[in-house]
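Visitor: Below are the structure tokens for one structure; questions will follow.
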Amino acid sequence: VMVQRVTLRRRHAYATRSNKTRIVKTPGGKLTVHYRKKNGAGVKCGGCGRVLAGIPHLRPKQYSRISKRQKHVSRAYGGNQCGLCIRERIVRSFLIEEQQNVKRMMK
């Protein structure tokens, strides 16, 4: 069985991450090359580095093409930090405040 050869459509022959291809059969029966796009990694939390839930995984340029409500979640630091990190910050500030109140009461 002979394998049908295909010619690359771009003048970039090296097998790099940005040059992934897929061979597709056209309705005319010919094989052609389609270039694959790279997958988006997803937005990560600034505190812990986890991938943020509720935000689509896109390539950087695609984020400029979607609306603001799709780029964040409706919470303080939404789209920037995950809920666990926010909760930790709130609890920490509350405990510090409580500690200061106790110190004042002891005087």
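Chains: A, B, ... in order of the structure tokens. Residues: from 1 per chain. Ligands: from 1, in order shown.
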If we count only C-alpha atoms, what is near region 74-84 of chain A at a cut-off of 9 Å, once residues fewer than 6 positions away on the same chain are taken out, given as an NGL selection string?
Guide: :A and (43-55)
Visitor: Using only C-alpha atoms, determine which residues lie at most 12 Å from region 5-19 of chain A, disregarding the query and same-chain residues fewer than 4 positions distant; provide the list as a PDB file with N, CA and C atoms, in the first residue's frame.
Guide:
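Below you can see part21.pdb, which holds the result:
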```pdb
ATOM      1  N   ILE A  23      -3.333  15.919   8.535  1.00  0.00           N
ATOM      2  CA  ILE A  23      -3.628  15.582   7.140  1.00  0.00           C
ATOM      3  C   ILE A  23      -5.128  15.320   7.015  1.00  0.00           C
ATOM      4  N   VAL A  24      -5.767  16.029   6.070  1.00  0.00           N
ATOM      5  CA  VAL A  24      -7.220  15.982   5.898  1.00  0.00           C
ATOM      6  C   VAL A  24      -7.530  15.585   4.466  1.00  0.00           C
ATOM      7  N   LYS A  25      -8.521  14.722   4.307  1.00  0.00           N
ATOM      8  CA  LYS A  25      -8.942  14.326   2.962  1.00  0.00           C
ATOM      9  C   LYS A  25     -10.052  15.258   2.493  1.00  0.00           C
ATOM     10  N   LYS A  30      -8.347  14.319  -2.487  1.00  0.00           N
ATOM     11  CA  LYS A  30      -6.942  14.662  -2.292  1.00  0.00           C
ATOM     12  C   LYS A  30      -6.638  14.786  -0.802  1.00  0.00           C
ATOM     13  N   LEU A  31      -5.389  14.590  -0.444  1.00  0.00           N
ATOM     14  CA  LEU A  31      -4.966  14.833   0.935  1.00  0.00           C
ATOM     15  C   LEU A  31      -4.316  16.206   1.007  1.00  0.00           C
ATOM     16  N   THR A  32      -4.728  17.007   1.970  1.00  0.00           N
ATOM     17  CA  THR A  32      -4.104  18.317   2.153  1.00  0.00           C
ATOM     18  C   THR A  32      -3.687  18.475   3.608  1.00  0.00           C
ATOM     19  N   VAL A  33      -2.860  19.482   3.859  1.00  0.00           N
ATOM     20  CA  VAL A  33      -2.367  19.732   5.207  1.00  0.00           C
ATOM     21  C   VAL A  33      -3.150  20.883   5.828  1.00  0.00           C
ATOM     22  N   HIS A  34      -3.656  20.673   7.048  1.00  0.00           N
ATOM     23  CA  HIS A  34      -4.238  21.742   7.842  1.00  0.00           C
ATOM     24  C   HIS A  34      -3.301  22.009   9.002  1.00  0.00           C
ATOM     25  N   TYR A  35      -3.054  23.284   9.289  1.00  0.00           N
ATOM     26  CA  TYR A  35      -2.178  23.639  10.400  1.00  0.00           C
ATOM     27  C   TYR A  35      -2.998  23.771  11.666  1.00  0.00           C
ATOM     28  N   ARG A  36      -2.538  23.089  12.732  1.00  0.00           N
ATOM     29  CA  ARG A  36      -3.248  23.105  14.017  1.00  0.00           C
ATOM     30  C   ARG A  36      -2.880  24.373  14.775  1.00  0.00           C
ATOM     31  N   LYS A  37      -3.848  24.895  15.519  1.00  0.00           N
ATOM     32  CA  LYS A  37      -3.563  26.035  16.389  1.00  0.00           C
ATOM     33  C   LYS A  37      -3.139  25.504  17.751  1.00  0.00           C
ATOM     34  N   LYS A  38      -2.328  26.275  18.476  1.00  0.00           N
ATOM     35  CA  LYS A  38      -1.919  25.857  19.807  1.00  0.00           C
ATOM     36  C   LYS A  38      -3.076  26.043  20.783  1.00  0.00           C
ATOM     37  N   ASN A  39      -3.147  25.182  21.773  1.00  0.00           N
ATOM     38  CA  ASN A  39      -4.202  25.257  22.777  1.00  0.00           C
ATOM     39  C   ASN A  39      -3.874  26.317  23.811  1.00  0.00           C
TER      40      ASN A  39
END
```
Visitor: So that I can check the surroundings of region 56-61 of chain A, please list as JSON, numbers by chain every protein, DNA and RNA residue that reaches within 6 Å of it, counting only C-alpha atoms and ignoring chain neighbours fewer than 5 positions away.
Guide: {"A": [40, 41, 42]}
Visitor: Would you mind exporting the chosen residues as a PDB file, in the first residue's frame, restricted to N, CA and C atoms?
Guide:
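See result00.pdb below for the written result:
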```
ATOM      1  N   GLY A  40      -4.917  26.979  24.321  1.00  0.00           N
ATOM      2  CA  GLY A  40      -4.741  27.948  25.393  1.00  0.00           C
ATOM      3  C   GLY A  40      -4.504  27.232  26.707  1.00  0.00           C
ATOM      4  N   ALA A  41      -3.638  27.794  27.543  1.00  0.00           N
ATOM      5  CA  ALA A  41      -3.282  27.139  28.805  1.00  0.00           C
ATOM      6  C   ALA A  41      -4.261  27.479  29.917  1.00  0.00           C
ATOM      7  N   GLY A  42      -5.006  28.553  29.797  1.00  0.00           N
ATOM      8  CA  GLY A  42      -5.928  28.953  30.850  1.00  0.00           C
ATOM      9  C   GLY A  42      -5.284  29.935  31.804  1.00  0.00           C
TER      10      GLY A  42
END
```
Visitor: Quick one: distance from CA of Met106 (chain A) to CA of Val91 (chain A) in Å, one decimal?
Guide: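 These atoms are spaced 22.5 Å apart.
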Visitor: So how many Å separate CA of Thr21 (chain A) and CA of Gln4 (chain A), to one decimal?
Guide: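 Between CA of Thr21 (chain A) and CA of Gln4 (chain A) the gap is 15.6 Å.
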Visitor: Check region 3-87 of chain A with DSSP on the backbone and list each residue it calls helix (DSSP H, G or I), as a ChimeraX atom specification.
Guide: /A:17-19,60-65,68-71,83-87
Visitor: Based on the selection just made, write C-alpha atoms of those residues as a compact mmCIF listing (two decimals), in the first residue's frame.
Guide:
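Below is the file that was written, again17.txt:
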```
# COMPACT_ATOMS: atom_id res chain seq x y z
CA ARG A 17 5.26 23.31 18.49
CA SER A 18 3.91 26.13 16.33
CA ASN A 19 4.07 24.04 13.15
CA PRO A 60 -3.64 35.48 24.57
CA LYS A 61 -4.96 37.44 21.57
CA GLN A 62 -8.39 35.80 21.82
CA TYR A 63 -9.00 37.36 25.26
CA SER A 64 -9.17 40.81 23.63
CA ARG A 65 -12.03 39.57 21.43
CA LYS A 68 -15.30 41.55 30.00
CA ARG A 69 -17.88 39.36 31.74
CA GLN A 70 -16.30 36.28 30.11
CA LYS A 71 -12.82 37.21 31.36
CA GLY A 83 -11.63 31.73 45.68
CA LEU A 84 -9.44 29.79 48.11
CA CYS A 85 -6.74 32.47 48.10
CA ILE A 86 -9.35 35.21 48.58
CA ARG A 87 -10.92 33.31 51.49
```
